[in-house]
>>> print(open('model-v6.txt').read())   # compact mmCIF, C-alpha atoms
# COMPACT_ATOMS: atom_id res chain seq x y z
CA MET X 1049 45.20 132.21 -60.16
CA SER X 1050 43.56 134.19 -57.36
CA LEU X 1051 39.91 133.65 -56.50
CA ASP X 1052 38.96 137.13 -57.70
CA SER X 1053 40.74 136.56 -60.99
CA ALA X 1054 39.02 133.21 -61.44
CA LEU X 1055 35.62 134.81 -60.81
CA LYS X 1056 36.39 137.62 -63.23
CA THR X 1057 37.47 135.17 -65.93
CA ALA X 1058 34.31 133.12 -65.37
CA MET X 1059 32.12 136.23 -65.66
CA GLU X 1060 33.62 136.96 -69.06
CA THR X 1061 32.44 133.61 -70.39
CA ILE X 1062 28.92 133.65 -68.92
CA PRO X 1063 26.42 135.59 -71.04
CA ASP X 1064 25.14 138.87 -69.54
CA CYS X 1065 26.81 138.13 -66.22
CA PHE X 1066 27.47 141.27 -64.20
CA ALA X 1067 28.34 139.95 -60.74
CA ALA X 1068 29.93 136.90 -59.19
CA GLY X 1069 30.61 135.83 -55.66
CA TYR X 1070 32.12 132.91 -53.78
CA ILE X 1071 30.07 132.06 -50.70
CA ASP X 1072 30.92 130.06 -47.60
CA MET X 1073 27.55 128.82 -46.33
CA GLU X 1074 29.02 127.80 -43.01
CA THR X 1075 29.70 131.42 -42.10
CA GLY X 1076 27.39 133.17 -44.57
CA MET X 1077 30.36 135.21 -45.77
CA LEU X 1078 31.64 136.15 -49.18
CA LEU X 1079 35.13 134.84 -49.78
CA GLY X 1080 35.39 136.46 -53.19
CA LEU X 1081 33.48 139.09 -55.10
CA GLN X 1082 33.48 140.61 -58.55
CA GLY X 1083 30.88 143.05 -59.82
CA GLU X 1084 30.20 145.95 -62.07
CA ASP X 1085 28.66 148.24 -59.44
CA PRO X 1086 28.40 148.68 -55.65
CA GLU X 1087 24.86 147.28 -55.61
CA CYS X 1088 26.28 143.90 -56.58
CA GLU X 1089 28.21 143.69 -53.35
CA THR X 1090 25.12 144.38 -51.25
CA ALA X 1091 23.05 141.84 -53.19
CA LEU X 1092 25.73 139.16 -52.93
CA GLU X 1093 26.21 139.77 -49.22
CA THR X 1094 22.48 139.32 -48.71
CA LEU X 1095 22.41 136.15 -50.79
CA ALA X 1096 25.46 134.74 -49.01
CA VAL X 1097 23.38 134.55 -45.84
CA ALA X 1098 20.14 133.48 -47.49
CA VAL X 1099 21.19 130.68 -49.82
CA ALA X 1100 21.92 128.19 -47.03
CA SER X 1101 18.16 127.98 -46.39
CA LEU X 1102 17.78 126.48 -49.84
CA PHE X 1103 20.84 124.23 -50.06
CA GLN X 1104 20.84 123.08 -46.45
CA GLY X 1105 17.20 123.45 -45.40
CA GLN X 1106 15.52 120.51 -43.68
CA GLY X 1107 12.58 120.63 -46.09
CA ILE X 1108 14.83 120.52 -49.15
CA ARG X 1109 16.70 117.58 -47.62
CA ALA X 1110 13.40 115.87 -46.89
CA PHE X 1111 12.51 116.22 -50.57
CA GLU X 1112 15.89 114.77 -51.54
CA ASP X 1113 15.21 111.83 -49.22
CA MET X 1114 11.79 111.34 -50.79
CA LEU X 1115 13.34 111.21 -54.24
CA ARG X 1116 15.85 108.62 -53.01
CA LYS X 1117 13.12 106.50 -51.40
CA ALA X 1118 11.04 106.69 -54.55
CA GLY X 1119 14.01 105.33 -56.48
CA THR X 1120 14.23 108.30 -58.82
CA VAL X 1121 17.65 109.16 -57.37
CA SER X 1122 20.41 106.74 -56.40
CA ASP X 1123 21.21 106.41 -52.69
CA ASP X 1124 24.66 107.90 -53.09
CA ALA X 1125 23.53 110.89 -55.14
CA PRO X 1126 24.83 114.12 -53.61
CA GLY X 1127 21.47 115.92 -53.75
CA PHE X 1128 20.71 119.30 -55.19
CA GLY X 1129 23.90 121.05 -56.22
CA GLU X 1130 22.59 123.78 -58.43
CA ILE X 1131 19.94 126.44 -57.98
CA ALA X 1132 18.76 128.86 -60.64
CA ILE X 1133 16.52 131.71 -59.54
CA PHE X 1134 14.62 133.88 -61.95
CA ALA X 1135 13.20 137.07 -60.46
CA ALA X 1136 12.54 140.58 -61.74
CA ASP X 1137 15.07 141.18 -64.49
CA ARG X 1138 17.77 138.86 -63.20
CA LEU X 1139 18.88 135.28 -63.28
CA HIS X 1140 20.83 134.07 -60.26
CA VAL X 1141 22.86 130.89 -60.56
CA PHE X 1142 24.19 129.13 -57.46
CA LEU X 1143 26.53 126.16 -57.82
CA ARG X 1144 27.82 124.06 -54.99
CA THR X 1145 31.44 123.02 -55.41
CA GLN X 1146 32.26 119.31 -55.19
CA ALA X 1147 35.49 119.88 -53.33
CA TYR X 1148 33.87 121.99 -50.62
CA PRO X 1149 30.14 121.21 -50.27
CA ASP X 1150 29.62 124.23 -48.00
CA HIS X 1151 30.98 126.54 -50.68
CA VAL X 1152 28.77 128.02 -53.38
CA VAL X 1153 29.63 130.06 -56.44
CA CYS X 1154 27.00 132.64 -57.38
CA TYR X 1155 26.60 134.41 -60.71
CA ILE X 1156 24.06 137.15 -61.36
CA CYS X 1157 23.03 137.69 -64.97
CA ARG X 1158 20.55 139.95 -66.72
CA ASP X 1159 17.43 138.05 -67.74
CA SER X 1160 18.27 138.73 -71.37
CA ALA X 1161 20.85 135.94 -70.99
CA ASN X 1162 20.19 132.60 -72.61
CA ALA X 1163 19.41 130.63 -69.44
CA GLY X 1164 20.69 127.33 -70.79
CA LEU X 1165 23.97 128.83 -71.95
CA ALA X 1166 24.40 130.73 -68.67
CA LEU X 1167 23.97 127.49 -66.71
CA THR X 1168 26.30 125.54 -68.99
CA LYS X 1169 29.04 128.18 -68.87
CA SER X 1170 28.63 128.49 -65.11
CA HIS X 1171 29.17 124.75 -64.78
CA MET X 1172 32.23 124.82 -66.97
CA SER X 1173 33.86 127.52 -64.83
CA LEU X 1174 33.15 125.80 -61.51
CA ARG X 1175 36.24 123.62 -61.32
CA THR X 1176 38.60 126.52 -62.07
CA VAL X 1177 36.96 128.79 -59.51
CA ALA X 1178 36.96 126.10 -56.80
CA ALA X 1179 40.62 125.38 -57.51
CA ALA X 1180 41.48 129.03 -56.89
CA VAL X 1181 40.26 128.97 -53.28
CA MET F 918 10.58 150.50 -61.78
CA ILE F 919 8.34 150.87 -58.74
CA ASP F 920 6.09 147.96 -57.99
CA THR F 921 2.81 149.26 -56.55
CA ASN F 922 2.33 145.99 -54.67
CA ILE F 923 5.59 146.57 -52.84
CA LEU F 924 4.54 150.14 -51.98
CA ASP F 925 1.19 148.88 -50.69
CA MET F 926 2.95 146.22 -48.64
CA LEU F 927 5.41 148.73 -47.17
CA GLY F 928 2.56 151.12 -46.37
CA ASP F 929 0.67 148.34 -44.65
CA ILE F 930 3.76 147.36 -42.66
CA SER F 931 4.42 150.96 -41.57
CA ARG F 932 0.80 151.41 -40.47
CA ARG F 933 0.89 148.27 -38.35
CA ALA F 934 4.41 148.71 -37.00
CA THR F 935 4.73 149.29 -33.26
CA ALA F 936 7.74 149.15 -31.01
CA ARG F 937 8.09 145.77 -29.32
CA LEU F 938 8.44 146.13 -25.60
CA SER F 939 8.03 142.46 -24.86
CA PRO F 940 9.17 139.24 -26.54
CA ALA F 941 5.53 138.16 -26.73
CA ASN F 942 3.58 138.47 -29.97
CA THR F 943 -0.06 139.50 -29.97
CA LEU F 944 -2.41 137.34 -31.99
CA SER F 945 -4.02 139.63 -34.54
CA GLY F 946 -7.28 137.70 -34.89
CA THR F 947 -10.33 139.24 -33.28
CA THR F 948 -12.68 136.27 -33.47
CA ALA F 949 -12.33 132.79 -32.04
CA SER F 950 -12.11 131.20 -35.47
CA GLU F 951 -9.35 133.59 -36.57
CA ARG F 952 -7.43 133.07 -33.34
CA ARG F 953 -7.69 129.31 -33.53
CA VAL F 954 -6.25 129.45 -37.03
CA GLU F 955 -3.37 131.60 -35.71
CA ILE F 956 -2.69 129.22 -32.84
CA LEU F 957 -2.58 126.29 -35.25
CA ARG F 958 -0.39 128.26 -37.64
CA THR F 959 2.01 129.06 -34.79
CA ILE F 960 2.24 125.39 -33.90
CA ARG F 961 2.75 124.46 -37.54
CA GLY F 962 5.54 127.01 -37.90
CA THR F 963 7.44 125.70 -34.87
CA ILE F 964 10.07 123.30 -36.12
CA LEU F 965 12.71 123.43 -33.38
CA PRO F 966 11.70 122.31 -29.85
CA ARG F 967 9.89 125.21 -28.14
CA ARG F 968 7.57 125.96 -25.25
CA LEU F 969 4.72 128.04 -26.65
CA GLU F 970 2.98 130.07 -23.95
CA PHE F 971 -0.37 131.44 -25.02
CA SER F 972 -1.83 133.89 -22.51
CA SER F 973 -4.71 136.33 -22.14
CA GLU F 974 -5.24 139.55 -20.19
CA ASN F 975 -7.28 137.74 -17.55
CA GLU F 976 -4.41 135.33 -16.99
CA ASP F 977 -5.80 132.33 -18.81
CA ARG F 978 -2.89 130.29 -20.11
CA LEU F 979 -2.27 127.44 -22.48
CA VAL F 980 1.33 126.25 -22.51
CA LEU F 981 2.31 123.69 -25.12
CA GLU F 982 5.52 121.85 -25.79
CA VAL F 983 5.97 121.80 -29.56
CA SER F 984 8.56 120.32 -31.88
CA SER F 985 8.57 119.58 -35.63
CA SER F 986 5.07 121.11 -35.91
CA ARG F 987 3.76 118.54 -33.42
CA VAL F 988 2.43 119.07 -29.93
CA THR F 989 4.41 116.80 -27.63
CA ASP F 990 2.90 117.90 -24.28
CA VAL F 991 0.48 120.29 -22.62
CA LEU F 992 2.37 121.87 -19.74
CA GLU F 993 -0.38 124.15 -18.45
CA ALA F 994 -4.04 124.71 -19.23
CA THR F 995 -6.13 127.00 -17.03
CA GLN F 996 -9.37 126.37 -18.89
CA GLY F 997 -9.58 122.63 -18.55
CA ASP F 998 -7.73 119.45 -17.73
CA ALA F 999 -4.57 118.81 -19.71
CA PRO F 1000 -4.55 115.52 -21.59
CA GLY F 1001 -2.29 112.77 -20.31
CA PHE F 1002 0.11 112.15 -23.15
CA ASP F 1003 1.44 109.02 -21.42
CA ALA F 1004 -1.80 107.64 -19.98
CA ASP F 1005 -4.58 108.52 -22.43
CA ASP F 1006 -5.01 107.00 -25.85
CA ARG F 1007 -3.99 109.09 -28.85
CA GLU F 1008 -7.53 109.89 -29.95
CA GLN F 1009 -8.47 111.18 -26.50
CA VAL F 1010 -5.33 113.29 -26.29
CA THR F 1011 -5.99 114.80 -29.72
CA MET F 1012 -9.61 115.62 -28.94
CA ARG F 1013 -8.73 117.11 -25.54
CA LEU F 1014 -6.00 119.20 -27.16
CA ALA F 1015 -8.41 120.47 -29.83
CA GLN F 1016 -10.91 121.38 -27.08
CA LEU F 1017 -8.28 123.32 -25.14
CA ILE F 1018 -7.13 125.20 -28.24
CA SER F 1019 -10.72 125.99 -29.25
CA LYS F 1020 -11.64 127.07 -25.72
CA PHE F 1021 -8.59 129.28 -25.43
CA SER F 1022 -9.30 130.92 -28.77
CA GLU F 1023 -12.69 131.99 -27.35
CA THR F 1024 -11.09 133.89 -24.44
CA ILE F 1025 -12.26 137.51 -24.21
CA GLY F 1026 -9.62 140.19 -24.82
CA PRO F 1027 -6.26 140.20 -26.59
CA LEU F 1028 -4.16 137.03 -26.68
CA GLU F 1029 -0.40 136.78 -26.74
CA VAL F 1030 2.07 134.04 -27.56
CA LEU F 1031 5.59 133.69 -26.25
CA SER F 1032 8.01 131.19 -27.79
CA LEU F 1033 10.64 129.99 -25.34
CA HIS F 1034 13.31 127.33 -25.23
CA PRO F 1035 11.95 124.22 -23.53
CA ASP F 1036 13.10 123.40 -20.03
CA LYS F 1037 14.24 119.98 -21.16
CA SER F 1038 15.23 118.49 -24.47
CA PRO F 1039 12.56 116.37 -26.12
CA ASP F 1040 12.82 112.65 -25.52
CA ALA F 1041 13.54 110.39 -28.48
CA ASP F 1042 10.11 108.80 -28.11
CA ASP F 1043 8.22 112.13 -28.09
CA VAL F 1044 6.18 111.51 -31.21
CA GLY F 1045 3.55 114.12 -30.46
CA ILE F 1046 0.23 114.88 -32.08
CA THR F 1047 0.52 115.94 -35.72
CA MET F 1048 -1.04 119.06 -37.18
CA SER F 1049 -3.38 117.11 -39.40
CA GLU F 1050 -4.73 115.24 -36.37
CA ILE F 1051 -5.25 118.47 -34.43
CA GLU F 1052 -6.84 120.22 -37.41
CA THR F 1053 -9.21 117.34 -37.99
CA ALA F 1054 -10.22 117.36 -34.33
CA CYS F 1055 -10.59 121.17 -34.30
CA ALA F 1056 -12.79 121.01 -37.38
CA GLU F 1057 -15.33 119.08 -35.32
CA ILE F 1058 -15.54 121.85 -32.73
CA ALA F 1059 -17.50 124.93 -33.75
CA VAL F 1060 -16.21 128.29 -32.56
CA SER F 1061 -17.82 131.69 -32.86
CA ASP F 1062 -17.01 134.43 -35.33
CA THR F 1063 -18.12 137.14 -32.90
CA PRO F 1064 -15.39 139.72 -32.19
CA LEU F 1065 -13.84 139.11 -28.76
CA ILE F 1066 -11.91 142.36 -28.36
CA GLU F 1067 -13.90 145.34 -27.05
CA ASP F 1068 -12.30 148.12 -29.05
CA THR F 1069 -12.52 146.28 -32.31
CA PRO F 1070 -15.07 147.85 -34.63
CA THR F 1071 -18.05 145.55 -34.78
CA THR F 1072 -20.90 145.17 -37.14
CA ALA F 1073 -24.47 145.72 -36.09
CA GLN F 1074 -25.02 142.00 -35.96
CA SER F 1075 -26.31 140.82 -32.61
CA GLU F 1076 -24.62 138.02 -30.74
CA ASP F 1077 -27.58 135.76 -31.27
CA GLU F 1078 -27.24 136.21 -35.00
CA ALA F 1079 -23.49 135.68 -35.07
CA PRO F 1080 -22.65 132.88 -37.45
CA THR F 1081 -21.03 129.75 -36.17
CA VAL F 1082 -18.23 128.51 -38.33
CA ILE F 1083 -17.43 124.85 -38.69
CA LEU F 1084 -14.04 124.59 -40.28
CA GLU F 1085 -13.03 121.87 -42.64
CA PRO F 1086 -9.50 120.60 -42.00
CA GLN F 1087 -8.19 121.67 -45.38
CA ASN F 1088 -9.76 125.13 -45.10
CA LEU F 1089 -8.78 126.10 -41.61
CA THR F 1090 -7.31 129.35 -42.67
CA THR F 1091 -8.25 131.36 -45.67
CA PRO F 1092 -9.17 132.97 -48.72
CA PRO F 1093 -8.56 130.64 -51.64
CA THR F 1094 -5.52 131.18 -53.79
CA SER F 1095 -6.38 133.38 -56.73
CA THR F 1096 -6.75 131.30 -59.84
CA LYS F 1097 -4.91 134.04 -61.73
CA SER F 1098 -1.86 134.20 -59.49
CA VAL F 1099 1.44 133.36 -61.17
CA ALA F 1100 1.94 130.34 -58.90
CA HIS F 1101 -1.54 129.02 -59.66
CA LEU F 1102 -1.04 129.45 -63.39
CA PHE F 1103 2.40 127.82 -63.16
CA HIS F 1104 0.89 124.89 -61.28
CA LYS F 1105 -1.66 124.49 -64.04
CA GLY F 1106 0.85 124.89 -66.87
CA ALA F 1107 3.38 122.53 -65.29
CA ALA F 1108 0.98 119.63 -65.87
CA ALA F 1109 2.50 119.45 -69.35
CA PHE F 1110 5.99 118.50 -68.15
CA ALA F 1111 6.01 117.75 -64.42
CA SER F 1112 5.78 114.25 -63.00
CA GLY F 1113 4.47 115.59 -59.69
CA ARG F 1114 2.95 118.90 -58.65
CA VAL F 1115 1.97 120.61 -55.40
CA LEU F 1116 0.30 123.99 -54.89
CA VAL F 1117 0.60 125.44 -51.38
CA ARG F 1118 -0.47 128.74 -49.90
CA LYS F 1119 2.39 130.89 -48.69
CA TRP F 1120 1.23 131.38 -45.14
CA ASN F 1121 -0.26 127.99 -44.57
CA ASP F 1122 1.38 124.84 -45.82
CA THR F 1123 -1.92 123.04 -46.26
CA PRO F 1124 -1.84 121.98 -49.93
CA VAL F 1125 -4.41 123.45 -52.27
CA ASP F 1126 -3.72 120.74 -54.82
CA MET F 1127 -1.41 117.76 -55.17
CA ALA F 1128 -1.16 115.93 -58.48
CA GLY F 1129 0.78 113.21 -60.31
CA ASP F 1130 3.50 111.55 -58.23
CA CYS F 1131 2.79 114.04 -55.41
CA ALA F 1132 -0.85 112.96 -55.06
CA PRO F 1133 -1.70 111.25 -51.75
CA ASP F 1134 -1.27 107.80 -53.26
CA GLY F 1135 1.83 108.75 -55.27
CA PRO F 1136 5.48 107.83 -54.58
CA LEU F 1137 6.47 111.47 -53.97
CA TYR F 1138 3.59 112.45 -51.70
CA PRO F 1139 4.97 115.02 -49.22
CA ASP F 1140 3.35 114.56 -45.82
CA ALA F 1141 2.48 117.41 -43.45
CA ASP F 1142 5.89 117.31 -41.77
CA VAL F 1143 7.79 117.62 -45.05
CA LEU F 1144 5.56 120.50 -46.15
CA ALA F 1145 5.99 122.23 -42.79
CA GLN F 1146 9.77 121.93 -43.02
CA PHE F 1147 9.70 123.12 -46.59
CA ALA F 1148 7.55 126.12 -45.64
CA SER F 1149 10.00 126.90 -42.87
CA ASP F 1150 12.96 126.82 -45.32
CA LEU F 1151 11.17 129.13 -47.72
CA ALA F 1152 10.15 131.50 -44.94
CA ALA F 1153 13.80 131.73 -43.85
CA TRP F 1154 14.83 132.27 -47.46
CA ASP F 1155 12.28 135.08 -47.86
CA THR F 1156 13.38 136.75 -44.66
CA ASP F 1157 17.04 136.68 -45.58
CA SER F 1158 16.81 137.37 -49.31
CA ALA F 1159 14.04 139.98 -49.43
CA ASP F 1160 16.48 142.83 -50.07
CA ALA F 1161 17.99 141.08 -53.08
CA ILE F 1162 15.30 138.94 -54.72
CA SER F 1163 11.65 139.93 -55.03
CA HIS F 1164 8.48 138.02 -55.81
CA PRO F 1165 7.38 136.55 -58.10
CA GLN F 1166 10.34 134.23 -58.32
CA LEU F 1167 11.15 130.90 -59.92
CA ILE F 1168 13.58 128.72 -57.98
CA VAL F 1169 14.87 125.68 -59.84
CA LEU F 1170 16.76 123.13 -57.77
CA ARG F 1171 18.77 120.69 -59.86
CA PRO F 1172 20.91 117.70 -58.98
CA SER F 1173 24.68 118.01 -58.96
CA GLY F 1174 25.02 115.60 -61.82
CA GLY F 1175 23.27 112.88 -63.74
CA LYS F 1176 19.67 112.86 -64.80
CA ALA F 1177 17.94 112.88 -61.45
CA PRO F 1178 14.80 115.00 -61.29
CA GLY F 1179 14.78 118.65 -60.28
CA ILE F 1180 12.21 120.77 -58.48
CA ALA F 1181 10.88 124.07 -59.78
CA LEU F 1182 9.26 126.38 -57.22
CA CYS F 1183 7.17 129.22 -58.57
CA ARG F 1184 6.37 131.72 -55.82
CA ASP F 1185 4.29 134.88 -56.01
CA GLY F 1186 3.93 135.97 -52.40
CA GLU F 1187 0.51 134.38 -52.18
CA ALA F 1188 1.27 130.78 -53.05
CA THR F 1189 4.04 128.39 -54.01
CA ALA F 1190 3.77 125.88 -56.83
CA ALA F 1191 6.27 123.03 -56.78
CA ALA F 1192 6.82 120.94 -59.91
CA ILE F 1193 9.05 117.88 -59.96
CA HIS F 1194 10.45 117.44 -63.45
CA GLU F 1195 13.12 115.60 -65.37
CA THR F 1196 16.35 117.56 -65.75
CA ARG F 1197 15.99 117.61 -69.52
CA LYS F 1198 12.72 119.54 -69.16
CA LEU F 1199 14.34 122.65 -67.72
CA GLY F 1200 13.66 124.43 -71.00
CA ALA F 1201 9.93 123.85 -70.60
CA VAL F 1202 10.07 125.15 -67.01
CA VAL F 1203 11.81 128.36 -68.07
CA SER F 1204 9.51 128.84 -71.06
CA LEU F 1205 6.44 128.55 -68.86
CA TRP F 1206 7.88 131.02 -66.35
CA LYS F 1207 8.75 133.55 -69.07
CA SER F 1208 5.31 133.25 -70.64
CA LEU F 1209 3.67 133.99 -67.28
CA THR F 1210 5.91 136.91 -66.33
CA ARG F 1211 6.42 138.53 -69.69
CA LYS F 1212 5.62 142.25 -69.44
CA GLY F 1213 2.18 142.94 -70.81
CA GLY F 1214 1.52 139.23 -71.02
>>> encode(input="model-v6.txt", output="structure tokens")
Amino acid sequence: MSLDSALKTAMETIPDCFAAGYIDMETGMLLGLQGEDPECETALETLAVAVASLFQGQGIRAFEDMLRKAGTVSDDAPGFGEIAIFAADRLHVFLRTQAYPDHVVCYICRDSANAGLALTKSHMSLRTVAAAV
Amino acid sequence: MIDTNILDMLGDISRRATARLSPANTLSGTTASERRVEILRTIRGTILPRRLEFSSENEDRLVLEVSSSRVTDVLEATQGDAPGFDADDREQVTMRLAQLISKFSETIGPLEVLSLHPDKSPDADDVGITMSEIETACAEIAVSDTPLIEDTPTTAQSEDEAPTVILEPQNLTTPPTSTKSVAHLFHKGAAAFASGRVLVRKWNDTPVDMAGDCAPDGPLYPDADVLAQFASDLAAWDTDSADAISHPQLIVLRPSGGKAPGIALCRDGEATAAAIHETRKLGAVVSLWKSLTRKGG
């Protein structure tokens, strides 16, 4: 299955999802993109550059280290792998793939979506999407 | 939907926008106290090794070597003797540094700052003076609130009557965060489910409140360096994502697997509330966010 097909299939299972992208944080580029309108592409291109500040930022890593030192996280825990952002009328879900830690799958949903279900379905699609790269 | 706050912000930006003919930035403060706050904020916002050159029209200069929000050396100071980072004891260096910063902030006329790559890489043992140390030392030095730029509109207050401001370390910058801001309300509401909470102003990473595990004696207390790095990450995120994601925003960071805690960041452009919570309490996080941002609510 091609990456675009995998993203499209994933979108169909995630409630109120209208855009999906596959991001390489190392380059800040979109490796795959599916969306209902041209605005999606612009938004995903912007987010492809921005999201590394959250996943790979020094401050976020410092927090992860603090959690490890405090014993609330095991030493070998991979750190934050999922980010959900609620803003305006949208829910953005970013999931880091296990196979390629610099790669992130992004789904954009309307805020009418059931957040829990959107996250669960996003998780369930991750392996298939990563395998399509 | 047009957000009037965004229109106001864009209008404000367009009014203040001028073409940059030099890599230097002008400090916007017109009084010594405002400028000192800006100098400290510039130092705090400098994470990578940099040489910060502060200069005035009459060629007064203060050149600092800064890294990880710490001052690691004073390379030039025209208004006094530079402290000896190797020879003097730490307390003396900190006090001398605070005096130089305070003195420079009182310079007449506009001030500029230029951020340059350092001539040499920092040494491994360059610990530097932390922001909290400098702020504490600065708080002991009173500086004037009299305008120092000639063409700035002034009040009728005479110089003799000008108030002297003594700044407390935790209040070196600012109007307090509005108690009705979304971030403030989120910080308050998160007490019900979060194991640790921090409320920080957007443009100054000095915490307004730290509670639970994030309190100063707690296991997840973030020190000034962690907060500075965190502020830097969020500033980069804002810069890069502004076209796609607006404020207010709720950012929930969750672990890749297992039941490790997550962090919820509620941001409204004025402040950021961070709440550390168990993964299973995501529902409570989202419910609180929706209750605060519901239209008409």
>>> residues_around(input="model-v6.txt", residues="Lys1198 (chain F)", least_positions_apart="5", cutoff="12 Å", atoms="all atoms listed in the file", output="list in words")
Gly1164 of chain X; Ala1107, Ala1109, Phe1110, Ala1111, Ser1112, Val1169, Arg1171, Lys1176, Ala1177, Pro1178, Gly1179, Ile1180, Ala1181, Ala1192, Ile1193, Val1203, Ser1204 and Leu1205 of chain F
>>> closest_atom_pairs(input="model-v6.txt", of="chain X", to="chain F", cutoff="10 Å", atoms="all atoms listed in the file", output="CSV")
residue,atom,partner,partner_atom,distance
X:Glu1087,CA,F:Ala1161,CA,9.6
X:Cys1088,CA,F:Ala1161,CA,9.4
X:Thr1090,CA,F:Ala1161,CA,8.1
X:Ala1091,CA,F:Ala1161,CA,5.1
X:Leu1092,CA,F:Ala1161,CA,8.0
X:Glu1093,CA,F:Ala1161,CA,9.2
X:Thr1094,CA,F:Ser1158,CA,6.0
X:Leu1095,CA,F:Ser1158,CA,5.9
X:Ala1096,CA,F:Ser1158,CA,9.0
X:Val1097,CA,F:Asp1157,CA,6.7
X:Ala1098,CA,F:Asp1157,CA,4.8
X:Val1099,CA,F:Trp1154,CA,7.0
X:Ala1100,CA,F:Trp1154,CA,8.2
X:Ser1101,CA,F:Asp1150,CA,5.4
X:Leu1102,CA,F:Asp1150,CA,6.6
X:Phe1103,CA,F:Leu1170,CA,8.8
X:Gln1104,CA,F:Asp1150,CA,8.8
X:Gly1105,CA,F:Asp1150,CA,5.4
X:Gln1106,CA,F:Gln1146,CA,6.0
X:Gly1107,CA,F:Phe1147,CA,3.8
X:Ile1108,CA,F:Phe1147,CA,6.3
X:Arg1109,CA,F:Phe1147,CA,9.0
X:Ala1110,CA,F:Val1143,CA,6.2
X:Phe1111,CA,F:Val1143,CA,7.4
X:Glu1112,CA,F:Pro1172,CA,9.4
X:Asp1113,CA,F:Leu1137,CA,10.0
X:Met1114,CA,F:Leu1137,CA,6.2
X:Leu1115,CA,F:Leu1137,CA,6.9
X:Arg1116,CA,F:Ala1177,CA,9.7
X:Lys1117,CA,F:Pro1136,CA,8.4
X:Ala1118,CA,F:Pro1136,CA,5.7
X:Gly1119,CA,F:Pro1136,CA,9.1
X:Thr1120,CA,F:Ala1177,CA,6.5
X:Val1121,CA,F:Ala1177,CA,5.5
X:Ser1122,CA,F:Ala1177,CA,8.3
X:Ala1125,CA,F:Ser1173,CA,8.2
X:Pro1126,CA,F:Ser1173,CA,6.6
X:Gly1127,CA,F:Pro1172,CA,5.6
X:Phe1128,CA,F:Pro1172,CA,4.1
X:Gly1129,CA,F:Ser1173,CA,4.2
X:Glu1130,CA,F:Arg1171,CA,5.1
X:Ile1131,CA,F:Leu1170,CA,4.6
X:Ala1132,CA,F:Val1169,CA,5.1
X:Ile1133,CA,F:Ile1168,CA,4.5
X:Phe1134,CA,F:Leu1167,CA,5.0
X:Ala1135,CA,F:Gln1166,CA,4.6
X:Ala1136,CA,F:Ser1163,CA,6.8
X:Arg1138,CA,F:Ile1162,CA,8.8
X:Leu1139,CA,F:Leu1167,CA,9.5
X:His1140,CA,F:Ile1162,CA,9.2
X:Val1141,CA,F:Val1169,CA,9.6
X:Phe1142,CA,F:Leu1170,CA,9.6
X:Leu1143,CA,F:Ser1173,CA,8.4
X:Arg1144,CA,F:Ser1173,CA,7.9
X:Thr1145,CA,F:Ser1173,CA,9.1
X:Gln1146,CA,F:Ser1173,CA,8.6
X:Asp1159,CA,F:Lys1207,CA,9.9
X:Ala1163,CA,F:Val1203,CA,8.0
X:Gly1164,CA,F:Gly1200,CA,7.6
X:His1171,CA,F:Ser1173,CA,10.0
>>> residues_around(input="model-v6.txt", residues="region 1174-1178 of chain X", least_positions_apart="4", cutoff="8 Å", atoms="only C-alpha atoms", output="JSON, numbers by chain")
{"X": [1051, 1054, 1055, 1058, 1143, 1145, 1147, 1153, 1170]}
>>> write_last_selection(input="model-v6.txt", atoms="C-alpha atoms", output="short mmCIF file (atom, residue, chain, number, x, y, z; two decimals), in the coordinates of the input")
data_model
loop_
_atom_site.label_atom_id
_atom_site.label_comp_id
_atom_site.auth_asym_id
_atom_site.auth_seq_id
_atom_site.Cartn_x
_atom_site.Cartn_y
_atom_site.Cartn_z
CA LEU X 1051 39.91 133.65 -56.50
CA ALA X 1054 39.02 133.21 -61.44
CA LEU X 1055 35.62 134.81 -60.81
CA ALA X 1058 34.31 133.12 -65.37
CA LEU X 1143 26.53 126.16 -57.82
CA THR X 1145 31.44 123.02 -55.41
CA ALA X 1147 35.49 119.88 -53.33
CA VAL X 1153 29.63 130.06 -56.44
CA SER X 1170 28.63 128.49 -65.11
#
>>> atom_distance(input="model-v6.txt", atom1="CA of Asp1042 (chain F)", atom2="CA of Asp1003 (chain F)")
11.0 Å
>>> residues_around(input="model-v6.txt", residues="Gln1082 (chain X)", least_positions_apart="2", cutoff="7 Å", atoms="all atoms listed in the file", output="ChimeraX atom specification")
/X:1052,1055-1056,1067-1069
>>> atom_distance(input="model-v6.txt", atom1="CA of Ile1058 (chain F)", atom2="CA of Glu1187 (chain F)")
28.2 Å
>>> atom_distance(input="model-v6.txt", atom1="CA of Ala1056 (chain F)", atom2="CA of Lys1105 (chain F)")
29.1 Å
>>> axis_aligned_box(input="model-v6.txt", around="region 1081-1084 of chain X", padding_each_side="8 Å", output="AutoDock Vina command-line options")
--center_x 31.8 --center_y 142.5 --center_z -58.6 --size_x 19.3 --size_y 22.9 --size_z 23.0
>>> residues_near_point(input="model-v6.txt", point="(13.9, 122.9, -23.5)", cutoff="9 Å", atoms="all atoms listed in the file", output="list in words")
Pro966, Arg967, Arg968, Glu982, Leu1033, His1034, Pro1035, Asp1036, Lys1037, Ser1038 and Pro1039 of chain F
>>> write_last_selection(input="model-v6.txt", atoms="C-alpha atoms", output="short mmCIF file (atom, residue, chain, number, x, y, z; two decimals), in the frame of the given file")
data_model
loop_
_atom_site.label_atom_id
_atom_site.label_comp_id
_atom_site.auth_asym_id
_atom_site.auth_seq_id
_atom_site.Cartn_x
_atom_site.Cartn_y
_atom_site.Cartn_z
CA PRO F 966 11.70 122.31 -29.85
CA ARG F 967 9.89 125.21 -28.14
CA ARG F 968 7.57 125.96 -25.25
CA GLU F 982 5.52 121.85 -25.79
CA LEU F 1033 10.64 129.99 -25.34
CA HIS F 1034 13.31 127.33 -25.23
CA PRO F 1035 11.95 124.22 -23.53
CA ASP F 1036 13.10 123.40 -20.03
CA LYS F 1037 14.24 119.98 -21.16
CA SER F 1038 15.23 118.49 -24.47
CA PRO F 1039 12.56 116.37 -26.12
#
